[in-house]
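**Student:** Can you keep this structure in mind? I'll have questions shortly.
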Amino acid sequence: MATRKKKEDVEVEAEEKKAPKKTAAKKPAAKKAAAKKKTATKAKAKKAKGELASVEVSAEEEEEATPRGKGPHFLVVVESPAKAKTIKKYLGSGYTVKASVGHIKDLPKSKIGVDVEHDFQPEYSVIKGKEKVLNELKKVAKNVDRVFLATDPDREGEAIAWHIFEELGHKDAQRVLFNEITKKAIQEAIAHPRQLNQESYDSQQTRRILDRLVGYQISPLLWKKIRRGLSAGRVQSVAVRLICEREAEIKAFLPQEYWTVDALLEGPSGPPPFKSKLSKVDGKKADLKDRATSEGLVAELQAADYVVSKVDRRERRRNAPAPFITSKLQQESANRLGFTAKKTMTLAQRLYEGVMLGEEGQTALITYMRTDSTRLSDDAVKQVREFIGTQYGGEFLPEEALVYRSKKSAQDAHEAIRPVSLEYPPERVRPFFEQIGEQDMYRLYELIWNRFVACQMKPAVYDQTSADITAGRATFRASGSTLKFAGYLKVYGAGLTPEEEAEKEKAKAAGEDGAEAEDGTGELPLLNEGDKVRLQKLLPEQHFTQPPPRFSEATLVKELEEQGIGRPSTYAAILSTIQDKKYVEKLEGRFRPTDLGGMTNEMLVKHFPKEMDVAFTANLEEKLDQISEGGANWKTVLHDFYGPFKETLEKAEAEMRDVKREEIKTDIACEKCGNPLVIKFGKMGHFLACSNYPDCKNTKDFKRDAEGKIVIVEEETTDEKCENCGKPMVIKRGRFGRFMACSGYPECKTSKPISIGVNCPDCKQGYLTERRSGRGKIFFGCNRYPDCKFAAWDRPLAETCPHCQSPYLLQKFSKRDGAYIACPNKECDYRRELQQPGEVGAPSAA
């Protein structure tokens, strides 16, 4: 209340300065008296009926309209200050809306905080820094008739509500839930409160205790055996395991040679030619393993007659995707917008809590963004069907509303993610996003809007033609398709969803008939069975099988979801944590384990095989669901877990390798003192060090060849001399990437960043260098930082833009187009492909 009163005092003071004193004294007083009288009358009438205070009075009248002690007054507690501001707009007089700013209590950081000897009794304490927030809530709660706990409608929100309830100790505290922050939803929730849900709280509390038992007992072991600062998590460690196992698959992969043959053919009506693919030889699937077989077949087919043996014409329908659930939003946002899961959820949270829309004030734009259900409310479906009919026409509207099934494991607590109202189409709200510089938030809102509208539209329809062409003992297949009816693509675009991509790859890998035909685009010439076509050219091409791809943010989220690891609301935190802890790094949008991540994973999988097992982790998630549904006892789940875990922990402590102090001897002699070098493990991973340390501090980087033999990575030398001692400068790597250092180290400790050959376009004095962010991501900045703060995520090139004369260009990369070069000036459209693989910044073949 202090903040609100202070704001009001400032406003009154400002008005008094503007207006004459007499007017300022009389007019506000008259208004206040009238407001008091009017509100007091309403409050008495309401109290007599036993109803809640009216929510129709404006927020501006609140302080004077409902004085303390007159009429019922209510406290509404939410998590976010932004949400509090939006909700206050809909409740008005008689309601004070306060934010807890997330959790107010948690297990202590200084100790495990769980009494395992007494049924895992948790020891909660007020979070440091939250005392002021809690005291303010207690102060307001003393003077209200009822407390409404309106924290987020999920298990974590339920836990926050319980902790607030316990701390406030108010005799009349009730829980309210709403999936969207609209006037109707808020007032409906306030009118129908419920009691706190013990099962949901127990489920969240069990998750917290499990994570604490694992984290606070395995992490110290890692500190002791590998390196200080490491952490282990019940879910995050399994995510690292998935990345490490994928990397092992890639390293163990042996590429196999295979050949394809395409035929460029001309139909009966003449040009233009069309392309067909070799599909069968001797009635079996084409399988050309080497050049000799391929060239022999090509020679044989040069003289063959090419005849159309079969033509298949049909309509192909592509159904609209379901509305977004949390995991699918993260995947599509990564694929279409290039956002990380963390960025997606941060922006979605703000869209849910409310955005300033001019005179309308803080307005919530989407429903709750943590959900695993594709269910939509009847009102929402009715509105969107009316919108589709008006905006796109009746031909795009199915006869009946489309209903999508949620997965069996879905909790189905909330609707799918959708716009709260169709009164706010993207084009209407775009100027407000531009005013606050939130273009990315707008793009995410547009994606959610388009997906929601598309999910209730008719399928896209293609005219698909496939033709089998016989040539001797070979059969070629030509396919083409044209879009006949856009359907939902009118709104959502032609890109494949992650599910469609997966199905397509699965069909191709299985060699299913028609899988290749899906790739056909454009039209084929008119072909009929028996038509002869003329061969223009045969196009044999050598290929090699590829290893499974490394995980991107989208594919890792998909894998976690499919394996049942964690919950959608936890994915963003998992991906952030494993990068922050340096277990994995992201290069060109793909996760790779670091040396530290590989070592930690090896130790955990070896000594905690059950706890790090994917199926075991997924099974625990199912048990947490059972607790929330009243089907399992939370203490029983913890007892079942902790007994075997404690035994495993004791065994691991005795048997785990002490990597921290481990020195693996080699037969390589130190060139400085002649003693043997040993392999040690440090912050940057494995390295070679002199066994005569600390008398000799010689160290070397190394790698292993195909046979596992140690190969020393020699320091890169430069022509530059040290400005202090005159010795040659060499290239070294450190925590934030490569840098130049004096070869006379440790006697001379001179170092400097490496130039990428581009002068700084901002300060014109420094040069640009390659650096790494705290999370390991490469970026390019000025060597004069912090005096000059120029930075770019894409590699700058020392080229002038031929269109706008920008002093530099950028080497960029996208999943759709690969590597290309573009102008950094947003108003300039200059762009070109890489001329050759060796061009600066081009990705290597590896």
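Ligands are numbered from 1 in the order shown, chains are lettered A, B, ... in the order of the structure tokens, and residues start at 1 in each chain.
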Show me, as number ranges by chain, the residues that have an atom within 10 Å of Leu337 (chain A) when counting only C-alpha atoms, minus same-chain residues fewer than 6 positions from it.

**Tutor:** A: 331, 344, 440, 443-444, 447

**Student:** Leaving out Tyr830 (chain A) and any residue of its chain fewer than 6 positions from it, which residues lie within 12 Å of it when counting only C-alpha atoms, given as a PyMOL selection string?

**Tutor:** chain A and resi 800-806+808-810+820-824

**Student:** Only C-alpha atoms, please: the residues just picked out, written as a PDB file, in the first residue's frame.

**Tutor:**
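Result file part.pdb:
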ATOM      1  CA  THR A 800      32.540  -2.966 -48.349  1.00  0.00           C
ATOM      2  CA  CYS A 801      28.897  -3.475 -49.249  1.00  0.00           C
ATOM      3  CA  PRO A 802      28.456  -2.745 -52.995  1.00  0.00           C
ATOM      4  CA  HIS A 803      24.928  -1.405 -52.378  1.00  0.00           C
ATOM      5  CA  CYS A 804      25.090   0.866 -49.331  1.00  0.00           C
ATOM      6  CA  GLN A 805      28.866   1.124 -48.773  1.00  0.00           C
ATOM      7  CA  SER A 806      28.742  -0.396 -45.288  1.00  0.00           C
ATOM      8  CA  TYR A 808      31.910  -4.523 -43.505  1.00  0.00           C
ATOM      9  CA  LEU A 809      29.703  -7.514 -44.364  1.00  0.00           C
ATOM     10  CA  LEU A 810      28.539 -10.424 -42.216  1.00  0.00           C
ATOM     11  CA  TYR A 820      25.717 -16.835 -46.990  1.00  0.00           C
ATOM     12  CA  ILE A 821      27.052 -13.277 -46.856  1.00  0.00           C
ATOM     13  CA  ALA A 822      24.819 -10.283 -46.144  1.00  0.00           C
ATOM     14  CA  CYS A 823      24.976  -6.588 -45.324  1.00  0.00           C
ATOM     15  CA  PRO A 824      24.566  -5.703 -41.615  1.00  0.00           C
TER      16      PRO A 824
END

**Student:** Do you know which residues are at most 10 Å from Ser219 (chain A) counting only C-alpha atoms, after dropping those on the same chain fewer than 3 positions away, and could you put them as a ChimeraX atom specification?

**Tutor:** /A:214-216,222-225,227-233

**Student:** For the residues in that selection, give me N, CA and C atoms as an mmCIF file, in the first residue's frame.

**Tutor:**
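Produced file out.cif, reproduced below:
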data_model
loop_
_atom_site.group_PDB
_atom_site.id
_atom_site.type_symbol
_atom_site.label_atom_id
_atom_site.label_comp_id
_atom_site.auth_asym_id
_atom_site.auth_seq_id
_atom_site.Cartn_x
_atom_site.Cartn_y
_atom_site.Cartn_z
ATOM 1 N N VAL A 214 19.386 -35.761 -4.868
ATOM 2 C CA VAL A 214 20.359 -36.125 -5.907
ATOM 3 C C VAL A 214 21.437 -35.060 -6.022
ATOM 4 N N GLY A 215 21.010 -33.800 -6.176
ATOM 5 C CA GLY A 215 21.959 -32.718 -6.416
ATOM 6 C C GLY A 215 22.922 -32.493 -5.270
ATOM 7 N N TYR A 216 22.406 -32.489 -4.035
ATOM 8 C CA TYR A 216 23.243 -32.138 -2.892
ATOM 9 C C TYR A 216 24.067 -33.306 -2.368
ATOM 10 N N LEU A 222 31.280 -35.045 -7.038
ATOM 11 C CA LEU A 222 31.919 -34.561 -8.266
ATOM 12 C C LEU A 222 32.953 -33.487 -7.948
ATOM 13 N N TRP A 223 32.656 -32.645 -6.977
ATOM 14 C CA TRP A 223 33.621 -31.619 -6.557
ATOM 15 C C TRP A 223 34.913 -32.292 -6.076
ATOM 16 N N LYS A 224 34.719 -33.342 -5.318
ATOM 17 C CA LYS A 224 35.858 -34.030 -4.705
ATOM 18 C C LYS A 224 36.665 -34.819 -5.730
ATOM 19 N N LYS A 225 35.977 -35.446 -6.684
ATOM 20 C CA LYS A 225 36.649 -36.375 -7.599
ATOM 21 C C LYS A 225 37.035 -35.746 -8.946
ATOM 22 N N ARG A 227 36.056 -31.832 -10.212
ATOM 23 C CA ARG A 227 36.371 -30.403 -10.189
ATOM 24 C C ARG A 227 35.358 -29.666 -9.346
ATOM 25 N N ARG A 228 35.806 -28.639 -8.634
ATOM 26 C CA ARG A 228 34.882 -27.818 -7.847
ATOM 27 C C ARG A 228 33.879 -27.107 -8.760
ATOM 28 N N GLY A 229 32.690 -26.887 -8.215
ATOM 29 C CA GLY A 229 31.681 -26.124 -8.954
ATOM 30 C C GLY A 229 30.768 -26.956 -9.827
ATOM 31 N N LEU A 230 31.040 -28.259 -9.938
ATOM 32 C CA LEU A 230 30.183 -29.097 -10.777
ATOM 33 C C LEU A 230 28.864 -29.389 -10.079
ATOM 34 N N SER A 231 27.864 -29.735 -10.861
ATOM 35 C CA SER A 231 26.580 -30.110 -10.265
ATOM 36 C C SER A 231 26.008 -31.288 -11.038
ATOM 37 N N ALA A 232 25.218 -32.079 -10.329
ATOM 38 C CA ALA A 232 24.498 -33.181 -10.962
ATOM 39 C C ALA A 232 23.021 -32.966 -10.702
ATOM 40 N N GLY A 233 22.200 -33.350 -11.645
ATOM 41 C CA GLY A 233 20.763 -33.191 -11.487
ATOM 42 C C GLY A 233 20.043 -34.424 -11.985
#

**Student:** Using DSSP secondary structure from the backbone, list all alpha helix (DSSP H) positions within region 116-196 of chain A, as JSON, numbers by chain.

**Tutor:** {"A": [131, 132, 133, 134, 135, 136, 137, 138, 139, 140, 141, 155, 156, 157, 158, 159, 160, 161, 162, 163, 164, 165, 166, 167, 168, 183, 184, 185, 186, 187, 188, 189, 190, 191]}

**Student:** Would you mind exporting C-alpha atoms of the selected residues as a PDB file, in the first residue's frame?

**Tutor:**
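Below is the file that was written, result.pdb:
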ATOM      1  CA  GLU A 131      11.637 -10.755   3.670  1.00  0.00           C
ATOM      2  CA  LYS A 132      10.448  -7.345   2.470  1.00  0.00           C
ATOM      3  CA  VAL A 133       7.942  -8.858   0.019  1.00  0.00           C
ATOM      4  CA  LEU A 134       6.620 -11.229   2.678  1.00  0.00           C
ATOM      5  CA  ASN A 135       6.311  -8.493   5.316  1.00  0.00           C
ATOM      6  CA  GLU A 136       4.337  -6.346   2.867  1.00  0.00           C
ATOM      7  CA  LEU A 137       1.973  -9.257   2.158  1.00  0.00           C
ATOM      8  CA  LYS A 138       1.503  -9.885   5.893  1.00  0.00           C
ATOM      9  CA  LYS A 139       0.818  -6.196   6.522  1.00  0.00           C
ATOM     10  CA  VAL A 140      -1.910  -6.064   3.866  1.00  0.00           C
ATOM     11  CA  ALA A 141      -3.364  -9.464   4.859  1.00  0.00           C
ATOM     12  CA  ARG A 155       2.148 -27.569  -9.507  1.00  0.00           C
ATOM     13  CA  GLU A 156       4.871 -25.030  -8.840  1.00  0.00           C
ATOM     14  CA  GLY A 157       2.245 -22.307  -8.515  1.00  0.00           C
ATOM     15  CA  GLU A 158       0.379 -24.551  -6.066  1.00  0.00           C
ATOM     16  CA  ALA A 159       3.535 -24.901  -3.952  1.00  0.00           C
ATOM     17  CA  ILE A 160       4.022 -21.111  -3.912  1.00  0.00           C
ATOM     18  CA  ALA A 161       0.380 -20.678  -2.855  1.00  0.00           C
ATOM     19  CA  TRP A 162       0.827 -23.167   0.021  1.00  0.00           C
ATOM     20  CA  HIS A 163       3.915 -21.364   1.302  1.00  0.00           C
ATOM     21  CA  ILE A 164       2.165 -17.980   1.188  1.00  0.00           C
ATOM     22  CA  PHE A 165      -0.838 -19.493   2.967  1.00  0.00           C
ATOM     23  CA  GLU A 166       1.395 -20.873   5.727  1.00  0.00           C
ATOM     24  CA  GLU A 167       3.246 -17.589   6.218  1.00  0.00           C
ATOM     25  CA  LEU A 168       0.192 -15.293   6.174  1.00  0.00           C
ATOM     26  CA  LYS A 183     -11.717  -9.733 -17.338  1.00  0.00           C
ATOM     27  CA  LYS A 184     -14.105 -12.652 -17.773  1.00  0.00           C
ATOM     28  CA  ALA A 185     -11.585 -15.286 -16.651  1.00  0.00           C
ATOM     29  CA  ILE A 186     -10.407 -13.272 -13.621  1.00  0.00           C
ATOM     30  CA  GLN A 187     -13.892 -12.460 -12.369  1.00  0.00           C
ATOM     31  CA  GLU A 188     -15.026 -16.048 -12.964  1.00  0.00           C
ATOM     32  CA  ALA A 189     -12.074 -17.356 -10.915  1.00  0.00           C
ATOM     33  CA  ILE A 190     -12.699 -14.901  -8.055  1.00  0.00           C
ATOM     34  CA  ALA A 191     -16.385 -15.858  -8.013  1.00  0.00           C
TER      35      ALA A 191
END

**Student:** I want to know what sits within 10 Å of Leu535 (chain A), based on only C-alpha atoms, with residues of the same chain fewer than 3 positions away left out; could you give that as an NGL selection string?

**Tutor:** :A and (263-267 or 273 or 301-306 or 471 or 532 or 538)
